[in-house]
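Containing mmCIF, C-alpha atoms: protein-v9.cif.
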data_entry
#
loop_
_atom_site.label_atom_id
_atom_site.label_comp_id
_atom_site.auth_asym_id
_atom_site.auth_seq_id
_atom_site.Cartn_x
_atom_site.Cartn_y
_atom_site.Cartn_z
CA MET A 1 0.00 0.00 0.00
CA GLY A 2 1.30 3.42 -0.94
CA GLU A 3 0.91 6.69 0.88
CA ILE A 4 -2.57 7.20 2.20
CA LYS A 5 -2.94 10.39 0.15
CA ASP A 6 -2.28 8.40 -3.04
CA VAL A 7 -5.04 6.00 -2.17
CA TYR A 8 -7.57 8.60 -1.06
CA PRO A 9 -7.08 11.70 -3.19
CA ILE A 10 -9.28 13.83 -0.98
CA MET A 11 -6.75 13.39 1.80
CA ARG A 12 -4.17 15.38 -0.17
CA SER A 13 -5.71 18.29 1.64
CA TYR A 14 -3.87 17.04 4.72
CA GLU A 15 -1.03 19.50 4.13
CA ARG A 16 -3.30 22.47 3.79
CA LYS A 17 -5.86 22.10 6.50
CA VAL A 18 -6.69 20.04 9.49
CA VAL A 19 -8.61 16.93 8.53
CA CYS A 20 -11.17 15.86 11.09
CA ASP A 21 -11.96 12.28 11.88
CA MET A 22 -15.25 10.87 10.80
CA ASN A 23 -16.91 8.85 13.55
CA PHE A 24 -18.55 5.55 12.66
CA ALA A 25 -20.92 3.47 14.77
CA VAL A 26 -21.57 -0.21 14.14
CA LEU A 27 -24.79 -1.21 15.90
CA VAL A 28 -24.88 -4.51 17.76
CA PHE A 29 -28.17 -6.30 18.43
CA PRO A 30 -28.52 -9.69 20.06
CA GLY A 31 -27.95 -11.92 17.04
CA SER A 32 -25.94 -9.50 14.87
CA ASN A 33 -23.15 -11.45 13.20
CA CYS A 34 -21.56 -9.12 10.64
CA ASP A 35 -20.71 -6.43 13.17
CA ILE A 36 -17.03 -7.39 13.33
CA ASP A 37 -16.76 -7.43 9.53
CA CYS A 38 -18.24 -3.92 9.35
CA TYR A 39 -15.98 -2.67 12.13
CA LYS A 40 -12.89 -4.09 10.42
CA ALA A 41 -13.93 -2.71 7.04
CA VAL A 42 -14.09 0.81 8.47
CA GLU A 43 -10.94 0.39 10.53
CA GLN A 44 -8.81 -1.10 7.77
CA THR A 45 -10.27 0.57 4.69
CA LEU A 46 -10.69 4.08 6.12
CA GLN A 47 -8.52 4.21 9.27
CA GLN A 48 -11.33 6.18 10.90
CA PRO A 49 -12.57 5.88 14.50
CA VAL A 50 -15.27 3.27 14.84
CA ASP A 51 -17.21 1.96 17.87
CA TYR A 52 -19.50 -0.94 18.50
CA VAL A 53 -22.74 0.54 19.84
CA PHE A 54 -25.14 -1.70 21.71
CA HIS A 55 -28.87 -1.87 20.95
CA THR A 56 -29.62 -0.25 24.32
CA ALA A 57 -27.72 2.96 23.53
CA THR A 58 -29.66 6.20 23.77
CA ASP A 59 -27.17 8.69 22.36
CA LEU A 60 -25.65 8.51 18.89
CA SER A 61 -24.96 12.24 18.55
CA LYS A 62 -21.21 11.59 18.27
CA TYR A 63 -21.51 9.57 15.08
CA ASP A 64 -21.43 10.84 11.52
CA ALA A 65 -22.27 7.47 10.02
CA ILE A 66 -24.21 4.55 11.47
CA ILE A 67 -23.85 1.05 10.10
CA ILE A 68 -26.58 -1.49 10.86
CA PRO A 69 -24.90 -4.82 10.21
CA GLY A 70 -26.18 -8.18 9.04
CA GLY A 71 -27.15 -11.14 11.17
CA PHE A 72 -30.29 -12.46 12.77
CA SER A 73 -31.28 -9.79 15.27
CA TYR A 74 -33.55 -11.24 17.95
CA GLY A 75 -33.43 -14.54 16.10
CA ASP A 76 -35.45 -13.02 13.24
CA TYR A 77 -38.46 -13.98 15.36
CA LEU A 78 -41.84 -12.88 13.96
CA ARG A 79 -40.18 -11.24 10.91
CA SER A 80 -36.61 -10.21 10.12
CA GLY A 81 -35.96 -6.89 11.82
CA ALA A 82 -39.45 -6.68 13.35
CA ILE A 83 -38.26 -6.69 16.96
CA ALA A 84 -34.94 -4.91 16.43
CA ARG A 85 -36.70 -1.84 15.11
CA PHE A 86 -38.14 -1.23 18.59
CA ALA A 87 -34.74 -1.38 20.31
CA PRO A 88 -33.89 1.92 22.08
CA VAL A 89 -31.01 2.64 19.71
CA MET A 90 -33.41 2.82 16.76
CA ASN A 91 -34.95 6.05 18.08
CA GLU A 92 -31.48 7.54 17.79
CA VAL A 93 -31.09 6.15 14.28
CA GLN A 94 -34.38 7.86 13.34
CA LYS A 95 -33.02 11.12 14.71
CA ALA A 96 -29.69 10.75 12.90
CA ALA A 97 -31.47 10.00 9.63
CA ALA A 98 -33.70 13.04 10.04
CA GLU A 99 -30.63 15.21 10.67
CA GLY A 100 -29.11 14.02 7.40
CA ARG A 101 -26.39 11.89 8.91
CA TYR A 102 -25.46 8.75 7.00
CA VAL A 103 -27.18 5.47 7.81
CA ILE A 104 -26.45 2.23 5.99
CA GLY A 105 -28.23 -1.04 6.65
CA ILE A 106 -26.69 -4.18 5.23
CA CYS A 107 -28.67 -7.42 4.93
CA ASN A 108 -30.46 -7.74 8.31
CA GLY A 109 -29.69 -4.03 8.67
CA PHE A 110 -31.70 -3.39 5.49
CA GLN A 111 -34.55 -5.50 6.87
CA ILE A 112 -34.50 -3.44 10.08
CA LEU A 113 -34.62 -0.18 8.09
CA LEU A 114 -37.65 -1.47 6.15
CA GLU A 115 -39.43 -2.52 9.34
CA SER A 116 -38.68 0.84 10.93
CA GLY A 117 -40.14 2.68 7.97
CA LEU A 118 -36.92 4.57 7.21
CA LEU A 119 -37.03 2.88 3.82
CA PRO A 120 -40.16 1.81 1.91
CA GLY A 121 -41.16 -1.80 1.18
CA ALA A 122 -40.79 -5.16 2.90
CA MET A 123 -38.89 -8.44 2.60
CA ARG A 124 -40.29 -11.83 1.69
CA ARG A 125 -38.67 -15.25 1.74
CA ASN A 126 -36.39 -15.87 -1.23
CA GLU A 127 -38.41 -17.19 -4.15
CA SER A 128 -36.26 -20.36 -4.15
CA LEU A 129 -36.85 -20.77 -0.38
CA LYS A 130 -33.09 -21.31 -0.14
CA PHE A 131 -30.57 -19.40 1.89
CA ARG A 132 -28.34 -18.00 -0.85
CA CYS A 133 -24.69 -17.38 0.01
CA HIS A 134 -22.46 -16.54 -2.94
CA GLN A 135 -20.88 -13.75 -5.00
CA THR A 136 -23.33 -11.65 -7.02
CA LYS A 137 -22.99 -9.06 -9.73
CA LEU A 138 -24.59 -5.72 -8.94
CA ARG A 139 -25.20 -2.83 -11.28
CA VAL A 140 -24.69 0.62 -9.78
CA GLU A 141 -27.90 2.39 -10.81
CA ASN A 142 -27.39 5.61 -8.88
CA ASN A 143 -23.85 6.85 -8.34
CA GLU A 144 -24.95 10.22 -7.02
CA THR A 145 -25.51 9.09 -3.44
CA PRO A 146 -22.96 9.67 -0.67
CA PHE A 147 -22.51 5.89 -0.62
CA THR A 148 -21.80 5.28 -4.30
CA HIS A 149 -20.25 8.38 -5.87
CA GLU A 150 -16.91 6.65 -6.42
CA TYR A 151 -18.51 4.10 -8.73
CA ALA A 152 -19.40 4.79 -12.33
CA LYS A 153 -23.09 4.82 -13.25
CA GLY A 154 -23.94 1.42 -14.69
CA GLU A 155 -20.72 -0.13 -13.38
CA VAL A 156 -21.03 -3.82 -12.54
CA ILE A 157 -19.43 -4.81 -9.24
CA ASP A 158 -18.85 -8.10 -7.48
CA ILE A 159 -20.32 -8.24 -3.96
CA PRO A 160 -21.45 -11.34 -2.02
CA ILE A 161 -24.92 -12.01 -0.67
CA ALA A 162 -25.92 -14.24 2.27
CA HIS A 163 -29.62 -14.26 3.05
CA GLY A 164 -32.83 -16.26 3.11
CA GLU A 165 -35.17 -13.27 3.07
CA GLY A 166 -33.99 -10.78 0.48
CA ASN A 167 -36.97 -10.92 -1.83
CA TYR A 168 -37.70 -7.20 -1.79
CA TYR A 169 -41.32 -6.18 -2.28
CA CYS A 170 -43.10 -2.89 -2.72
CA ASP A 171 -46.35 -1.99 -4.44
CA GLU A 172 -46.48 -0.51 -7.96
CA GLU A 173 -46.98 3.01 -6.72
CA THR A 174 -43.92 2.84 -4.46
CA LEU A 175 -41.86 1.26 -7.21
CA ALA A 176 -42.76 4.07 -9.61
CA LYS A 177 -41.67 6.57 -6.96
CA LEU A 178 -38.38 4.74 -6.33
CA ARG A 179 -37.65 4.80 -10.05
CA ALA A 180 -38.61 8.42 -10.55
CA ASN A 181 -36.51 9.62 -7.60
CA GLY A 182 -33.45 7.54 -8.46
CA GLN A 183 -33.84 5.66 -5.18
CA ILE A 184 -32.88 2.32 -6.70
CA VAL A 185 -29.18 2.30 -5.91
CA PHE A 186 -28.23 -1.27 -6.91
CA ARG A 187 -29.88 -3.91 -9.09
CA TYR A 188 -28.82 -7.52 -9.49
CA GLU A 189 -27.12 -7.94 -12.85
CA GLY A 190 -27.91 -11.13 -14.75
CA VAL A 191 -29.41 -13.60 -12.32
CA ASN A 192 -31.73 -12.28 -9.63
CA PRO A 193 -30.88 -14.50 -6.63
CA ASN A 194 -34.05 -13.95 -4.58
CA GLY A 195 -36.93 -12.82 -6.81
CA SER A 196 -36.93 -9.18 -5.68
CA VAL A 197 -39.20 -6.70 -7.44
CA ASP A 198 -37.45 -5.04 -10.39
CA ASP A 199 -34.19 -6.90 -9.50
CA ILE A 200 -33.69 -4.48 -6.61
CA ALA A 201 -30.63 -5.15 -4.44
CA GLY A 202 -30.40 -1.81 -2.65
CA ILE A 203 -32.40 1.40 -2.26
CA CYS A 204 -32.07 4.77 -0.56
CA ASN A 205 -34.52 7.23 0.98
CA GLU A 206 -35.62 10.35 -0.87
CA GLN A 207 -32.94 12.48 0.78
CA GLY A 208 -30.26 9.94 -0.16
CA ASN A 209 -28.68 9.71 3.31
CA VAL A 210 -30.17 6.33 4.25
CA VAL A 211 -29.25 3.26 2.22
CA GLY A 212 -30.30 -0.36 2.62
CA MET A 213 -28.87 -3.24 0.64
CA MET A 214 -28.94 -7.03 0.84
CA PRO A 215 -25.38 -7.64 -0.49
CA HIS A 216 -22.42 -7.28 1.86
CA PRO A 217 -19.88 -4.63 0.79
CA GLU A 218 -17.99 -5.20 4.06
CA ARG A 219 -17.21 -8.71 2.85
CA ALA A 220 -15.62 -7.35 -0.32
CA VAL A 221 -12.88 -5.02 0.89
CA ASP A 222 -9.81 -7.09 0.04
CA GLN A 223 -8.77 -9.47 -2.73
CA LEU A 224 -8.19 -12.05 0.01
CA LEU A 225 -11.97 -12.05 0.44
CA GLY A 226 -12.51 -12.58 -3.28
CA SER A 227 -13.32 -8.99 -4.23
CA GLU A 228 -12.50 -5.48 -3.19
CA ASP A 229 -15.37 -3.86 -5.04
CA GLY A 230 -17.06 -2.99 -1.74
CA LYS A 231 -14.20 -0.73 -0.67
CA ARG A 232 -15.46 2.23 -2.64
CA MET A 233 -18.73 2.26 -0.72
CA PHE A 234 -16.74 3.03 2.40
CA THR A 235 -14.42 5.54 0.73
CA SER A 236 -17.46 7.18 -0.88
CA ILE A 237 -19.06 7.73 2.53
CA LEU A 238 -15.89 9.20 4.00
CA ASN A 239 -15.22 11.47 1.04
CA ALA A 240 -18.84 12.63 0.84
CA TRP A 241 -18.70 13.53 4.51
CA ARG A 242 -15.35 15.29 4.13
CA GLU A 243 -16.61 17.38 1.24
CA LYS A 244 -19.61 18.49 3.25
CA HIS A 245 -17.66 18.91 6.46
CA ASP A 246 -14.70 20.76 4.92
CA ALA A 247 -17.01 23.04 2.99
CA ALA A 248 -18.72 23.86 6.27
CA SER A 249 -15.48 24.52 8.15
CA VAL A 250 -14.11 26.85 5.45
CA ARG A 251 -17.00 29.26 5.93
CA MET B 1 -59.66 -12.45 30.94
CA LEU B 2 -59.88 -12.29 27.19
CA ARG B 3 -58.02 -14.36 24.66
CA ALA B 4 -57.19 -12.84 21.30
CA THR B 5 -56.41 -15.23 18.46
CA VAL B 6 -54.56 -13.33 15.77
CA TYR B 7 -54.18 -14.54 12.19
CA VAL B 8 -51.56 -12.92 9.97
CA THR B 9 -51.55 -13.82 6.28
CA ILE B 10 -49.64 -12.62 3.26
CA LYS B 11 -51.72 -10.24 1.13
CA GLN B 12 -53.46 -11.81 -1.86
CA ASN B 13 -51.48 -9.80 -4.41
CA VAL B 14 -48.12 -10.61 -2.79
CA LEU B 15 -46.31 -13.79 -3.77
CA ASP B 16 -46.01 -16.33 -0.94
CA PRO B 17 -43.01 -18.52 -1.87
CA GLN B 18 -43.66 -20.96 0.99
CA GLY B 19 -47.31 -21.38 0.06
CA LYS B 20 -46.34 -21.94 -3.56
CA ALA B 21 -43.83 -24.65 -2.59
CA VAL B 22 -46.37 -26.44 -0.39
CA GLN B 23 -48.95 -26.21 -3.17
CA GLY B 24 -46.41 -27.81 -5.53
CA ALA B 25 -45.82 -30.62 -3.03
CA LEU B 26 -49.56 -31.24 -2.63
CA HIS B 27 -49.98 -31.41 -6.40
CA ALA B 28 -47.06 -33.83 -6.64
CA MET B 29 -48.84 -36.03 -4.09
CA GLY B 30 -51.97 -36.08 -6.20
CA PHE B 31 -54.03 -33.46 -4.37
CA ASP B 32 -54.96 -31.77 -7.61
CA ASP B 33 -58.05 -30.22 -6.06
CA VAL B 34 -55.88 -27.63 -4.28
CA ASN B 35 -56.07 -24.31 -6.09
CA SER B 36 -53.74 -22.32 -3.89
CA VAL B 37 -51.98 -22.44 -0.54
CA ARG B 38 -51.26 -19.38 1.58
CA ILE B 39 -49.16 -19.77 4.70
CA GLY B 40 -49.64 -17.44 7.61
CA LYS B 41 -49.13 -17.08 11.35
CA TYR B 42 -51.40 -17.86 14.24
CA MET B 43 -50.91 -16.17 17.60
CA GLU B 44 -52.73 -16.46 20.94
CA LEU B 45 -52.62 -13.57 23.33
CA THR B 46 -54.24 -13.66 26.75
CA MET B 47 -55.10 -10.25 28.08
CA ASN B 48 -55.79 -9.15 31.63
CA THR B 49 -58.96 -7.30 30.77
CA THR B 50 -62.64 -8.10 30.28
CA ASP B 51 -63.39 -4.93 28.34
CA ARG B 52 -63.88 -6.13 24.77
CA ALA B 53 -63.88 -2.69 23.19
CA ALA B 54 -60.64 -1.75 24.89
CA ALA B 55 -59.06 -5.10 23.99
CA GLU B 56 -60.08 -4.72 20.38
CA GLN B 57 -58.42 -1.35 20.19
CA ARG B 58 -55.26 -2.62 21.87
CA VAL B 59 -54.92 -5.71 19.68
CA THR B 60 -55.47 -3.61 16.54
CA GLU B 61 -52.68 -1.35 17.70
CA MET B 62 -50.42 -4.36 18.35
CA CYS B 63 -51.13 -5.75 14.89
CA GLU B 64 -50.47 -2.44 13.19
CA LYS B 65 -47.26 -1.80 15.11
CA LEU B 66 -45.66 -5.21 15.47
CA LEU B 67 -47.61 -8.40 14.83
CA ALA B 68 -48.17 -7.79 11.12
CA ASN B 69 -46.20 -5.90 8.52
CA THR B 70 -49.07 -4.24 6.68
CA VAL B 71 -46.92 -3.66 3.60
CA ILE B 72 -47.17 -7.36 2.76
CA GLU B 73 -49.51 -8.86 5.37
CA ASP B 74 -53.18 -8.73 6.40
CA TYR B 75 -54.40 -9.52 9.88
CA ARG B 76 -57.62 -10.38 11.63
CA PHE B 77 -58.40 -11.51 15.15
CA ASP B 78 -61.11 -12.96 17.35
CA LEU B 79 -61.69 -12.21 21.04
CA GLU B 80 -63.15 -14.71 23.49
CA GLU B 81 -63.65 -15.00 27.24
CA VAL B 82 -61.35 -17.46 28.96
#
What would the structure in this file look like if it were written as structure tokens?
Amino acid sequence: MGEIKDVYPIMRSYERKVVCDMNFAVLVFPGSNCDIDCYKAVEQTLQQPVDYVFHTATDLSKYDAIIIPGGFSYGDYLRSGAIARFAPVMNEVQKAAAEGRYVIGICNGFQILLESGLLPGAMRRNESLKFRCHQTKLRVENNETPFTHEYAKGEVIDIPIAHGEGNYYCDEETLAKLRANGQIVFRYEGVNPNGSVDDIAGICNEQGNVVGMMPHPERAVDQLLGSEDGKRMFTSILNAWREKHDAASVR
Amino acid sequence: MLRATVYVTIKQNVLDPQGKAVQGALHAMGFDDVNSVRIGKYMELTMNTTDRAAAEQRVTEMCEKLLANTVIEDYRFDLEEV
């Protein structure tokens, strides 16, 4: 690995002005199992401060980005994410989302965001009824979000999935809205592994600061893991925040 | 006390992959008279009240908030004295 400023061009500004740290939270519910992967992805890909934050936490004001990781929160009892959405920490996530801070839900995290109403739609069992765990090709449909601006529009990336309930559903009216607003962030390219409506793999809210996706970018941050196409999601978030933050501190 | 029996089913216009698989299995077994299978959830709640109107309101609230996801599911319930 070269100098950090070669890898992250935005950091060239190091010499000129003070660069602040971006604070990441990785939420931990009983049954989360991708929390360590998310933590390591932030730590190793971005070298930014990151904390595990328990489901009982009642203050997230310190954090600029909140990652809701994959797993089986509360055993997926009743429905995936149905119980987790009432955990105390989710009130804070609602607040953070309303304030425009970045929230990303991956896999079970996406299911929790749907249940909490931060994103529209719901999840059904995979059409095949199988738990699918393999690499998938995703097409970047919207590269103008804080989470995807380092990808090219239409770029096909290689990110793994691991879920039994990723069959995204929304009604026609909601789908039309998602399309019109550019809220479909990723679609499955080629084979749709779960039967989701319109091949949807990931969506964002209208404001673009909340993203949910079934595939796991945190499992694709190094060639040792089979792909490093997920890295740019993390660098996108950091650089989007820096642009906003630096612009604010110049004033 | 009142007992609420709550039924949660997947909406008619939403695909039920489990129901479809079970339907396929029934057909394979020769039960051709089955037109469709929908799989849902059955829940029993006992409530420490005898006020039916109040219980009805509370159970509706529970269904809307937690027991059903009204994006893809319908619910109905019965109340009986126990």
Once you count only C-alpha atoms, what closest atom pair and distance in Å to one decimal does each residue of stretch 129-220 of chain A within 12 Å of stretch 15-21 of chain B have, with rows by chain and rising residue number, as JSON lines?
{"residue": "A:Leu129", "atom": "CA", "partner": "B:Pro17", "partner_atom": "CA", "distance": 6.7}
{"residue": "A:Lys130", "atom": "CA", "partner": "B:Pro17", "partner_atom": "CA", "distance": 10.4}
{"residue": "A:Gly164", "atom": "CA", "partner": "B:Pro17", "partner_atom": "CA", "distance": 11.6}
{"residue": "A:Glu165", "atom": "CA", "partner": "B:Pro17", "partner_atom": "CA", "distance": 10.7}
{"residue": "A:Asn167", "atom": "CA", "partner": "B:Pro17", "partner_atom": "CA", "distance": 9.7}
{"residue": "A:Tyr168", "atom": "CA", "partner": "B:Leu15", "partner_atom": "CA", "distance": 11.0}
{"residue": "A:Tyr169", "atom": "CA", "partner": "B:Leu15", "partner_atom": "CA", "distance": 9.2}
{"residue": "A:Cys170", "atom": "CA", "partner": "B:Leu15", "partner_atom": "CA", "distance": 11.4}
{"residue": "A:Asp171", "atom": "CA", "partner": "B:Leu15", "partner_atom": "CA", "distance": 11.8}
{"residue": "A:Asn194", "atom": "CA", "partner": "B:Pro17", "partner_atom": "CA", "distance": 10.4}
{"residue": "A:Gly195", "atom": "CA", "partner": "B:Pro17", "partner_atom": "CA", "distance": 9.7}
{"residue": "A:Ser196", "atom": "CA", "partner": "B:Leu15", "partner_atom": "CA", "distance": 10.6}
{"residue": "A:Val197", "atom": "CA", "partner": "B:Leu15", "partner_atom": "CA", "distance": 10.7}
| task | May I have the residues within 10 Å of A:Pro88 as a VMD selection string, using all atoms listed in the file and disregarding those fewer than 3 positions away in the same chain? | result | chain A and resid 54 to 59 84 to 85 91 to 93
Residues selected by the PyMOL selection byres ((chain B) within 12 of (chain A)), written as an mmCIF file with C-alpha atoms, in the coordinates of the input:
data_model
loop_
_atom_site.group_PDB
_atom_site.id
_atom_site.type_symbol
_atom_site.label_atom_id
_atom_site.label_comp_id
_atom_site.auth_asym_id
_atom_site.auth_seq_id
_atom_site.Cartn_x
_atom_site.Cartn_y
_atom_site.Cartn_z
ATOM 1 C CA VAL B 8 -51.560 -12.920 9.970
ATOM 2 C CA ILE B 10 -49.640 -12.620 3.260
ATOM 3 C CA LYS B 11 -51.720 -10.240 1.130
ATOM 4 C CA ASN B 13 -51.480 -9.800 -4.410
ATOM 5 C CA VAL B 14 -48.120 -10.610 -2.790
ATOM 6 C CA LEU B 15 -46.310 -13.790 -3.770
ATOM 7 C CA ASP B 16 -46.010 -16.330 -0.940
ATOM 8 C CA PRO B 17 -43.010 -18.520 -1.870
ATOM 9 C CA GLN B 18 -43.660 -20.960 0.990
ATOM 10 C CA GLY B 19 -47.310 -21.380 0.060
ATOM 11 C CA LYS B 20 -46.340 -21.940 -3.560
ATOM 12 C CA ALA B 21 -43.830 -24.650 -2.590
ATOM 13 C CA VAL B 22 -46.370 -26.440 -0.390
ATOM 14 C CA ILE B 39 -49.160 -19.770 4.700
ATOM 15 C CA GLY B 40 -49.640 -17.440 7.610
ATOM 16 C CA LYS B 41 -49.130 -17.080 11.350
ATOM 17 C CA TYR B 42 -51.400 -17.860 14.240
ATOM 18 C CA MET B 43 -50.910 -16.170 17.600
ATOM 19 C CA CYS B 63 -51.130 -5.750 14.890
ATOM 20 C CA GLU B 64 -50.470 -2.440 13.190
ATOM 21 C CA LYS B 65 -47.260 -1.800 15.110
ATOM 22 C CA LEU B 66 -45.660 -5.210 15.470
ATOM 23 C CA LEU B 67 -47.610 -8.400 14.830
ATOM 24 C CA ALA B 68 -48.170 -7.790 11.120
ATOM 25 C CA ASN B 69 -46.200 -5.900 8.520
ATOM 26 C CA THR B 70 -49.070 -4.240 6.680
ATOM 27 C CA VAL B 71 -46.920 -3.660 3.600
ATOM 28 C CA ILE B 72 -47.170 -7.360 2.760
ATOM 29 C CA GLU B 73 -49.510 -8.860 5.370
#
| request: Apply the PyMOL selection byres ((chain A and resi 27) around 10) to the file shown and report the selected residues as a PyMOL selection string. | output: chain A and resi 24-26+28-29+32+35+38-39+51-57+66-70+89-90+93+105+109
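Going from atom CA of A:Asn209 over to atom CA of A:Asn181, you cover 13.4 Å.
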| Expected selection from the PyMOL selection byres ((chain A and resi 220) around 10), given as an NGL selection string | :A and (37 or 41 or 135 or 158-160 or 215-219 or 221-232)
| query | Can you list, as a list in words, every protein, DNA or RNA residue that comes within 8 Å of A:Leu118 when you count all atoms listed in the file, leaving out same-chain residues fewer than 6 positions away? | reply | Gln94, Asn205 and Val210 of chain A
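Atom to atom, atom CA of B:Glu80 and atom CA of B:Glu61 stand 17.9 Å apart.
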| request: Calculate how many Å separate atom CA of B:Asp78 from atom CA of B:Met47, rounding to one decimal. | output: 12.6 Å
Non-local contacts of A:Ala65 (8 Å; all atoms listed in the file; under 6 positions in same chain excluded) as a short mmCIF file (atom, residue, chain, number, x, y, z; two decimals) with C-alpha atoms, in the coordinates of the input:
data_model
loop_
_atom_site.label_atom_id
_atom_site.label_comp_id
_atom_site.auth_asym_id
_atom_site.auth_seq_id
_atom_site.Cartn_x
_atom_site.Cartn_y
_atom_site.Cartn_z
CA MET A 22 -15.25 10.87 10.80
CA ASN A 23 -16.91 8.85 13.55
CA PHE A 24 -18.55 5.55 12.66
CA ALA A 25 -20.92 3.47 14.77
CA ARG A 101 -26.39 11.89 8.91
CA TYR A 102 -25.46 8.75 7.00
CA VAL A 103 -27.18 5.47 7.81
CA ILE A 104 -26.45 2.23 5.99
#
| Could you list as JSON, numbers by chain every residue that has an atom within 10 Å of (-63.9, -11.4, 32.8), using the file's coordinates and counting all atoms listed in the file? | {"B": [1, 2, 48, 49, 50, 51, 52, 80, 81, 82]}
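Within 12 Å of the point (-38.7, 2.5, -9.9), and counting only C-alpha atoms, the protein, DNA and RNA residues are Pro120, Glu141, Asn142, Tyr169, Cys170, Asp171, Glu172, Glu173, Thr174, Leu175, Ala176, Lys177, Leu178, Arg179, Ala180, Asn181, Gly182, Gln183, Ile184, Val185, Phe186, Arg187, Val197, Asp198, Asp199, Ile200, Gly202, Ile203 and Cys204 of chain A.
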Requested write-out: C-alpha atoms of the selected residues, as a short mmCIF file (atom, residue, chain, number, x, y, z; two decimals), keeping the file's coordinate frame:
data_model
loop_
_atom_site.label_atom_id
_atom_site.label_comp_id
_atom_site.auth_asym_id
_atom_site.auth_seq_id
_atom_site.Cartn_x
_atom_site.Cartn_y
_atom_site.Cartn_z
CA PRO A 120 -40.16 1.81 1.91
CA GLU A 141 -27.90 2.39 -10.81
CA ASN A 142 -27.39 5.61 -8.88
CA TYR A 169 -41.32 -6.18 -2.28
CA CYS A 170 -43.10 -2.89 -2.72
CA ASP A 171 -46.35 -1.99 -4.44
CA GLU A 172 -46.48 -0.51 -7.96
CA GLU A 173 -46.98 3.01 -6.72
CA THR A 174 -43.92 2.84 -4.46
CA LEU A 175 -41.86 1.26 -7.21
CA ALA A 176 -42.76 4.07 -9.61
CA LYS A 177 -41.67 6.57 -6.96
CA LEU A 178 -38.38 4.74 -6.33
CA ARG A 179 -37.65 4.80 -10.05
CA ALA A 180 -38.61 8.42 -10.55
CA ASN A 181 -36.51 9.62 -7.60
CA GLY A 182 -33.45 7.54 -8.46
CA GLN A 183 -33.84 5.66 -5.18
CA ILE A 184 -32.88 2.32 -6.70
CA VAL A 185 -29.18 2.30 -5.91
CA PHE A 186 -28.23 -1.27 -6.91
CA ARG A 187 -29.88 -3.91 -9.09
CA VAL A 197 -39.20 -6.70 -7.44
CA ASP A 198 -37.45 -5.04 -10.39
CA ASP A 199 -34.19 -6.90 -9.50
CA ILE A 200 -33.69 -4.48 -6.61
CA GLY A 202 -30.40 -1.81 -2.65
CA ILE A 203 -32.40 1.40 -2.26
CA CYS A 204 -32.07 4.77 -0.56
#
How big is the axis-aligned box around the listed atoms of stretch 193-212 of chain A once 5 Å is added on each side, and where is its centre? Give both in Å to one decimal, as JSON.
{"center_x": -33.9, "center_y": -1.0, "center_z": -3.1, "size_x": 20.5, "size_y": 37.0, "size_z": 24.6}
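Proximity ranking of A:Gly100, A:Pro30, A:Gly117, A:Pro193 relative to A:Asp76 places A:Pro30 first, based on only C-alpha atoms.
When all atoms listed in the file are used to compute distances to A:Asn239, the closest of the residues A:Pro49, A:Gly31, A:Pro146, A:Gly75 turns out to be A:Pro146.
For the residues A:Cys107, A:Glu144, A:Val50, A:Arg139, ranking by smallest atom-to-atom distance to A:Gln207 using all atoms listed in the file places A:Glu144 first.
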